[in-house]
$ cat my_file.cif   # mmCIF, C-alpha atoms
data_protein
#
loop_
_atom_site.label_atom_id
_atom_site.label_comp_id
_atom_site.auth_asym_id
_atom_site.auth_seq_id
_atom_site.Cartn_x
_atom_site.Cartn_y
_atom_site.Cartn_z
CA MET A 127 -50.15 -32.51 33.39
CA ASP A 128 -47.66 -35.29 34.18
CA LEU A 129 -49.14 -38.51 35.57
CA THR A 130 -46.78 -41.01 37.22
CA TRP A 131 -47.72 -44.38 38.71
CA TYR A 132 -45.93 -46.03 41.63
CA GLY A 133 -47.93 -49.27 41.85
CA LEU A 134 -51.27 -50.36 43.32
CA SER A 135 -53.42 -47.16 43.46
CA CYS A 136 -50.61 -44.66 44.06
CA PHE A 137 -50.16 -41.87 41.50
CA ARG A 138 -48.52 -38.48 41.42
CA MET A 139 -50.21 -35.72 39.41
CA LYS A 140 -48.16 -32.65 38.60
CA GLU A 141 -49.30 -29.59 36.65
CA ARG A 142 -47.16 -26.48 36.35
CA GLY A 143 -48.31 -23.74 38.74
CA LEU A 144 -50.74 -26.01 40.60
CA ALA A 145 -50.56 -28.19 43.69
CA ILE A 146 -48.82 -31.57 43.39
CA VAL A 147 -51.17 -34.45 44.25
CA VAL A 148 -50.39 -37.97 45.45
CA THR A 149 -53.12 -40.60 45.74
CA ASP A 150 -53.30 -43.71 47.94
CA PRO A 151 -49.68 -44.08 49.13
CA TYR A 152 -48.94 -47.71 50.02
CA ASP A 153 -47.07 -49.30 52.90
CA PRO A 154 -43.78 -50.83 51.63
CA SER A 155 -44.48 -53.94 53.74
CA LEU A 156 -46.72 -55.00 50.83
CA GLY A 157 -43.63 -55.77 48.75
CA LEU A 158 -43.28 -52.63 46.63
CA PRO A 159 -40.37 -50.16 46.86
CA ALA A 160 -40.58 -47.61 49.67
CA LEU A 161 -42.10 -44.30 48.63
CA ASN A 162 -40.14 -41.09 48.99
CA LEU A 163 -42.48 -38.52 47.48
CA LYS A 164 -43.26 -34.85 48.01
CA ALA A 165 -46.72 -33.41 47.48
CA ASP A 166 -48.98 -30.57 48.53
CA LEU A 167 -52.04 -32.81 48.72
CA VAL A 168 -52.54 -36.49 49.57
CA THR A 169 -55.79 -38.40 49.18
CA VAL A 170 -56.72 -41.72 50.79
CA SER A 171 -59.57 -43.73 49.28
CA HIS A 172 -59.97 -45.98 52.33
CA ASP A 173 -58.17 -47.05 55.48
CA ALA A 174 -55.97 -49.95 54.39
CA ALA A 175 -52.22 -50.51 54.18
CA GLY A 176 -52.20 -50.39 50.39
CA HIS A 177 -53.79 -46.93 50.36
CA ASN A 178 -53.10 -44.95 53.55
CA TYR A 179 -49.33 -44.83 54.18
CA LEU A 180 -49.03 -41.08 54.71
CA LYS A 181 -45.44 -41.43 55.99
CA GLY A 182 -44.36 -42.06 52.40
CA VAL A 183 -45.21 -38.50 51.33
CA LYS A 184 -43.50 -35.33 52.59
CA GLY A 185 -44.55 -31.69 52.41
CA GLN A 186 -48.28 -32.28 52.79
CA ARG A 187 -50.38 -29.14 53.11
CA LEU A 188 -53.64 -31.08 53.07
CA ARG A 189 -54.63 -34.68 53.71
CA ILE A 190 -58.03 -35.80 52.42
CA MET A 191 -59.35 -38.97 54.01
CA GLY A 192 -62.96 -38.99 52.84
CA PRO A 193 -65.89 -37.29 51.09
CA GLY A 194 -66.26 -33.55 50.71
CA GLU A 195 -65.20 -30.61 48.57
CA TYR A 196 -61.69 -29.20 48.89
CA GLU A 197 -59.25 -26.83 47.22
CA VAL A 198 -55.50 -26.44 47.52
CA GLY A 199 -53.03 -24.70 45.25
CA GLY A 200 -55.50 -24.21 42.43
CA VAL A 201 -56.65 -27.85 42.37
CA PHE A 202 -60.30 -28.53 43.21
CA ILE A 203 -61.15 -31.93 44.67
CA THR A 204 -64.50 -33.63 45.16
CA GLY A 205 -64.63 -36.77 47.33
CA ILE A 206 -67.64 -38.96 46.58
CA PRO A 207 -68.63 -41.70 49.06
CA MET A 208 -69.24 -45.25 47.89
CA ALA A 209 -70.68 -47.69 50.43
CA ALA A 210 -69.22 -51.13 50.96
CA ASP A 211 -70.54 -53.78 48.59
CA SER A 212 -73.81 -54.94 50.15
CA ASN A 213 -73.27 -58.64 49.37
CA GLY A 214 -69.89 -58.66 51.12
CA ASN A 215 -68.30 -60.77 48.38
CA ASN A 216 -66.16 -58.04 46.91
CA GLY A 217 -65.27 -54.90 48.77
CA ARG A 218 -66.07 -54.90 52.48
CA VAL A 219 -65.15 -51.32 53.39
CA PRO A 220 -66.46 -47.91 52.33
CA ASN A 221 -64.48 -46.27 49.54
CA THR A 222 -64.11 -42.66 48.41
CA LEU A 223 -63.84 -41.73 44.74
CA TYR A 224 -61.96 -38.50 44.07
CA VAL A 225 -62.39 -36.15 41.12
CA PHE A 226 -59.55 -33.65 40.66
CA ASP A 227 -59.98 -30.53 38.55
CA PHE A 228 -56.67 -29.20 37.24
CA ASP A 229 -57.77 -25.96 35.59
CA GLY A 230 -60.45 -27.72 33.54
CA LEU A 231 -58.72 -31.09 33.14
CA THR A 232 -60.60 -33.62 35.27
CA VAL A 233 -59.11 -36.81 36.67
CA ALA A 234 -61.18 -39.42 38.54
CA HIS A 235 -59.40 -41.80 40.92
CA LEU A 236 -61.75 -44.67 41.70
CA GLY A 237 -59.84 -46.04 44.69
CA ASP A 238 -60.85 -49.61 45.55
CA LEU A 239 -64.23 -49.39 43.84
CA ALA A 240 -65.63 -52.91 44.13
CA TYR A 241 -68.85 -52.89 42.11
CA VAL A 242 -70.46 -51.17 39.15
CA PRO A 243 -72.15 -47.98 40.42
CA SER A 244 -75.66 -46.93 39.48
CA GLN A 245 -76.20 -44.39 36.72
CA SER A 246 -76.96 -41.69 39.29
CA GLN A 247 -73.73 -42.44 41.14
CA ILE A 248 -71.81 -42.20 37.87
CA GLU A 249 -73.44 -38.84 37.16
CA ASN A 250 -72.11 -37.54 40.50
CA LEU A 251 -68.63 -37.73 39.02
CA GLY A 252 -69.46 -35.16 36.36
CA PRO A 253 -67.47 -35.10 33.11
CA VAL A 254 -64.27 -37.15 33.42
CA ASP A 255 -61.29 -36.67 31.11
CA VAL A 256 -58.99 -39.25 32.72
CA ALA A 257 -60.11 -42.27 34.76
CA LEU A 258 -57.73 -44.18 37.05
CA VAL A 259 -59.45 -47.54 37.37
CA PRO A 260 -58.70 -50.67 39.46
CA VAL A 261 -58.68 -53.71 37.18
CA GLY A 262 -57.02 -56.59 39.06
CA GLY A 263 -59.67 -57.71 41.54
CA GLY A 264 -58.32 -58.30 45.03
CA GLY A 265 -61.30 -56.62 46.69
CA ALA A 266 -61.78 -54.14 43.84
CA LEU A 267 -63.19 -54.31 40.31
CA SER A 268 -62.62 -57.38 38.18
CA PRO A 269 -61.47 -56.78 34.57
CA ALA A 270 -65.03 -57.23 33.26
CA GLN A 271 -66.49 -54.90 35.90
CA ALA A 272 -63.81 -52.30 35.16
CA ALA A 273 -64.69 -52.35 31.47
CA GLU A 274 -68.37 -51.87 32.34
CA VAL A 275 -67.61 -48.92 34.61
CA ILE A 276 -65.55 -47.30 31.86
CA SER A 277 -68.43 -47.68 29.41
CA LEU A 278 -70.61 -45.71 31.85
CA VAL A 279 -68.07 -43.01 32.73
CA GLU A 280 -66.92 -42.52 29.11
CA PRO A 281 -63.55 -40.88 29.85
CA SER A 282 -61.12 -39.83 27.13
CA LEU A 283 -58.24 -41.69 28.78
CA VAL A 284 -58.20 -44.77 31.00
CA VAL A 285 -55.19 -45.70 33.10
CA PRO A 286 -55.48 -49.13 34.77
CA MET A 287 -54.22 -49.54 38.34
CA HIS A 288 -54.36 -52.00 41.25
CA TYR A 289 -53.10 -55.04 39.36
CA LYS A 290 -50.14 -57.40 39.69
CA THR A 291 -46.82 -56.07 38.41
CA GLY A 292 -44.24 -58.04 40.38
CA LYS A 293 -43.67 -58.64 44.07
CA GLU A 294 -46.85 -57.19 45.57
CA LYS A 295 -48.02 -59.24 48.56
CA VAL A 296 -51.60 -58.79 47.41
CA ASP A 297 -53.74 -61.28 45.50
CA LEU A 298 -54.25 -59.43 42.22
CA GLY A 299 -54.69 -60.33 38.57
CA GLN A 300 -52.51 -58.95 35.78
CA VAL A 301 -53.48 -56.21 33.35
CA ALA A 302 -53.69 -58.44 30.24
CA LYS A 303 -57.22 -59.67 30.96
CA PHE A 304 -58.48 -56.11 31.35
CA LEU A 305 -56.89 -55.10 28.05
CA SER A 306 -58.65 -58.05 26.43
CA GLU A 307 -61.99 -56.94 27.92
CA MET A 308 -61.38 -53.49 26.39
CA GLY A 309 -60.44 -54.95 23.01
CA VAL A 310 -56.92 -53.56 23.32
CA GLY A 311 -53.74 -55.43 22.43
CA LYS A 312 -50.56 -55.60 24.48
CA GLN A 313 -49.07 -52.16 25.09
CA GLU A 314 -45.60 -50.84 25.81
CA PRO A 315 -45.95 -49.16 29.22
CA LEU A 316 -45.07 -45.48 29.54
CA GLU A 317 -42.98 -44.12 32.40
CA VAL A 318 -44.91 -40.84 32.51
CA LEU A 319 -48.18 -39.89 30.82
CA LYS A 320 -48.27 -36.27 29.67
CA ILE A 321 -51.86 -35.03 29.35
CA SER A 322 -53.30 -31.83 27.93
CA LYS A 323 -56.93 -30.90 27.56
CA SER A 324 -56.41 -30.02 23.89
CA GLY A 325 -54.83 -33.41 23.20
CA LEU A 326 -57.75 -35.52 24.41
CA SER A 327 -59.66 -37.75 22.00
CA ASP A 328 -63.42 -38.13 21.68
CA GLN A 329 -62.94 -41.89 21.84
CA THR A 330 -61.80 -43.68 24.98
CA GLN A 331 -58.16 -44.71 24.90
CA VAL A 332 -56.32 -47.01 27.32
CA VAL A 333 -52.79 -46.14 28.45
CA VAL A 334 -50.69 -48.55 30.53
CA LEU A 335 -48.04 -47.07 32.82
CA ASP A 336 -44.85 -48.67 34.10
CA PRO A 337 -44.64 -48.32 37.89
CA VAL A 338 -41.72 -46.20 39.07
CA THR A 339 -39.30 -48.17 41.24
#

$ encode --input "my_file.cif" --output "structure tokens"
Amino acid sequence: MDLTWYGLSCFRMKERGLAIVVTDPYDPSLGLPALNLKADLVTVSHDAAGHNYLKGVKGQRLRIMGPGEYEVGGVFITGIPMAADSNGNNGRVPNTLYVFDFDGLTVAHLGDLAYVPSQSQIENLGPVDVALVPVGGGGALSPAQAAEVISLVEPSLVVPMHYKTGKEKVDLGQVAKFLSEMGVGKQEPLEVLKISKSGLSDQTQVVVLDPVT
């Protein structure tokens, strides 16, 4: 599977013979380049400009805006509800986590997850091969919280998202602090991450992507 990042929480997932998926398309008014993507399936973690700009994606056969179980083009999707953070300090809106099953390769997109879930909530995700995790704060997980969530999920691969890369008009931290929390040094970002089930490691690895512009 090819995984491409466009900034904030927006990814494209493409596996030969299966539906093309785009997650959380953002409104270009937030300072990032306008999206011009094509996909069979689009998911929205919550109703906010950084995550719900459906006009940026063409060819949609299915739009998923919340919890439930879905299937399109051989990809199985489970949307798991996460309530707003009860203390109101970080994360004021409900959020949906999505787990995508690409013929046995599972990818979890955590949306704007704002707090460390309980063990039972983590178990609802099932086995996760690849976790797409917010790490820059701004209403979602802080670097330390993100590292704690990863220790509970125990994915093979972690791809950080929702952090400051340039001109975003969103108050976010940069990825360096998260890498430090994970005990990982500075990385050379990849343009595209190619993932295969057979190539996954038993130990969690962090991969930084360069947003496509």

$ closest_residue --input "my_file.cif" --among "A:Ile206, A:Val332, A:Leu188, A:Cys136" --to "Asp150 in chain A" --atoms "only C-alpha atoms"
A:Cys136

$ resolve_selection --input "my_file.cif" --expression "the PyMOL selection byres ((chain A and resi 176) around 9)" --output "ChimeraX atom specification"
/A:134-136,150-154,156,173-175,177-179,296

$ resolve_selection --input "my_file.cif" --expression "the PyMOL selection byres ((chain A and resi 309) around 12)" --output "JSON, numbers by chain"
{"A": [269, 270, 273, 302, 303, 304, 305, 306, 307, 308, 310, 311, 312, 313, 330, 331, 332]}

$ closest_residue --input "my_file.cif" --among "A:Phe228, A:Phe202, A:Tyr196, A:Tyr289" --to "Lys140 in chain A" --atoms "all atoms listed in the file"
A:Phe228

$ resolve_selection --input "my_file.cif" --expression "the PyMOL selection byres ((chain A and resi 237-240) around 8)" --output "JSON, numbers by chain"
{"A": [135, 150, 171, 172, 208, 210, 211, 216, 217, 221, 222, 223, 224, 235, 236, 241, 242, 259, 260, 265, 266, 267]}

$ atom_distance --input "my_file.cif" --atom1 "CA of Lys181 in chain A" --atom2 "CA of Tyr132 in chain A"
15.1 Å

$ residues_around --input "my_file.cif" --residues "range 157-165 of chain A" --least-positions-apart "6" --cutoff "7 Å" --atoms "all atoms listed in the file" --output "ChimeraX atom specification"
/A:146-148,182-186,293-295,339

$ write_last_selection --input "my_file.cif" --atoms "C-alpha atoms" --output "PDB file, in the frame of the given file"
ATOM      1  CA  ILE A 146     -48.820 -31.570  43.390  1.00  0.00           C
ATOM      2  CA  VAL A 147     -51.170 -34.450  44.250  1.00  0.00           C
ATOM      3  CA  VAL A 148     -50.390 -37.970  45.450  1.00  0.00           C
ATOM      4  CA  GLY A 182     -44.360 -42.060  52.400  1.00  0.00           C
ATOM      5  CA  VAL A 183     -45.210 -38.500  51.330  1.00  0.00           C
ATOM      6  CA  LYS A 184     -43.500 -35.330  52.590  1.00  0.00           C
ATOM      7  CA  GLY A 185     -44.550 -31.690  52.410  1.00  0.00           C
ATOM      8  CA  GLN A 186     -48.280 -32.280  52.790  1.00  0.00           C
ATOM      9  CA  LYS A 293     -43.670 -58.640  44.070  1.00  0.00           C
ATOM     10  CA  GLU A 294     -46.850 -57.190  45.570  1.00  0.00           C
ATOM     11  CA  LYS A 295     -48.020 -59.240  48.560  1.00  0.00           C
ATOM     12  CA  THR A 339     -39.300 -48.170  41.240  1.00  0.00           C
TER      13      THR A 339
END

$ closest_residue --input "my_file.cif" --among "A:Gln329, A:Val233, A:Thr291, A:Pro207" --to "Asn250 in chain A" --atoms "all atoms listed in the file"
A:Pro207

$ build_atoms --input "my_file.cif" --residues "range 223-240 of chain A" --atoms "N, CA and C atoms" --output "short mmCIF file (atom, residue, chain, number, x, y, z; two decimals), in the frame of the given file"
data_model
loop_
_atom_site.label_atom_id
_atom_site.label_comp_id
_atom_site.auth_asym_id
_atom_site.auth_seq_id
_atom_site.Cartn_x
_atom_site.Cartn_y
_atom_site.Cartn_z
N LEU A 223 -64.33 -42.09 46.07
CA LEU A 223 -63.84 -41.73 44.74
C LEU A 223 -63.46 -40.26 44.77
N TYR A 224 -62.38 -39.90 44.11
CA TYR A 224 -61.96 -38.50 44.07
C TYR A 224 -61.92 -38.01 42.62
N VAL A 225 -62.49 -36.83 42.42
CA VAL A 225 -62.39 -36.15 41.12
C VAL A 225 -61.55 -34.89 41.33
N PHE A 226 -60.48 -34.79 40.58
CA PHE A 226 -59.55 -33.65 40.66
C PHE A 226 -59.75 -32.77 39.43
N ASP A 227 -59.85 -31.49 39.66
CA ASP A 227 -59.98 -30.53 38.55
C ASP A 227 -58.72 -29.68 38.50
N PHE A 228 -57.90 -29.95 37.48
CA PHE A 228 -56.67 -29.20 37.24
C PHE A 228 -56.93 -28.16 36.16
N ASP A 229 -57.52 -27.04 36.54
CA ASP A 229 -57.77 -25.96 35.59
C ASP A 229 -58.55 -26.45 34.36
N GLY A 230 -59.59 -27.24 34.62
CA GLY A 230 -60.45 -27.72 33.54
C GLY A 230 -60.17 -29.13 33.07
N LEU A 231 -59.03 -29.69 33.44
CA LEU A 231 -58.72 -31.09 33.14
C LEU A 231 -59.12 -31.93 34.34
N THR A 232 -60.06 -32.85 34.14
CA THR A 232 -60.60 -33.62 35.27
C THR A 232 -60.06 -35.04 35.28
N VAL A 233 -59.64 -35.46 36.47
CA VAL A 233 -59.11 -36.81 36.67
C VAL A 233 -59.91 -37.47 37.78
N ALA A 234 -60.44 -38.67 37.52
CA ALA A 234 -61.18 -39.42 38.54
C ALA A 234 -60.35 -40.61 39.00
N HIS A 235 -60.10 -40.68 40.30
CA HIS A 235 -59.40 -41.80 40.92
C HIS A 235 -60.45 -42.63 41.65
N LEU A 236 -60.64 -43.87 41.20
CA LEU A 236 -61.75 -44.67 41.70
C LEU A 236 -61.41 -45.49 42.94
N GLY A 237 -60.18 -45.34 43.46
CA GLY A 237 -59.84 -46.04 44.69
C GLY A 237 -60.03 -47.55 44.55
N ASP A 238 -60.57 -48.18 45.57
CA ASP A 238 -60.85 -49.61 45.55
C ASP A 238 -62.32 -49.86 45.23
N LEU A 239 -62.84 -49.16 44.26
CA LEU A 239 -64.23 -49.39 43.84
C LEU A 239 -64.43 -50.87 43.57
N ALA A 240 -65.48 -51.46 44.15
CA ALA A 240 -65.63 -52.91 44.13
C ALA A 240 -66.85 -53.39 43.35
#
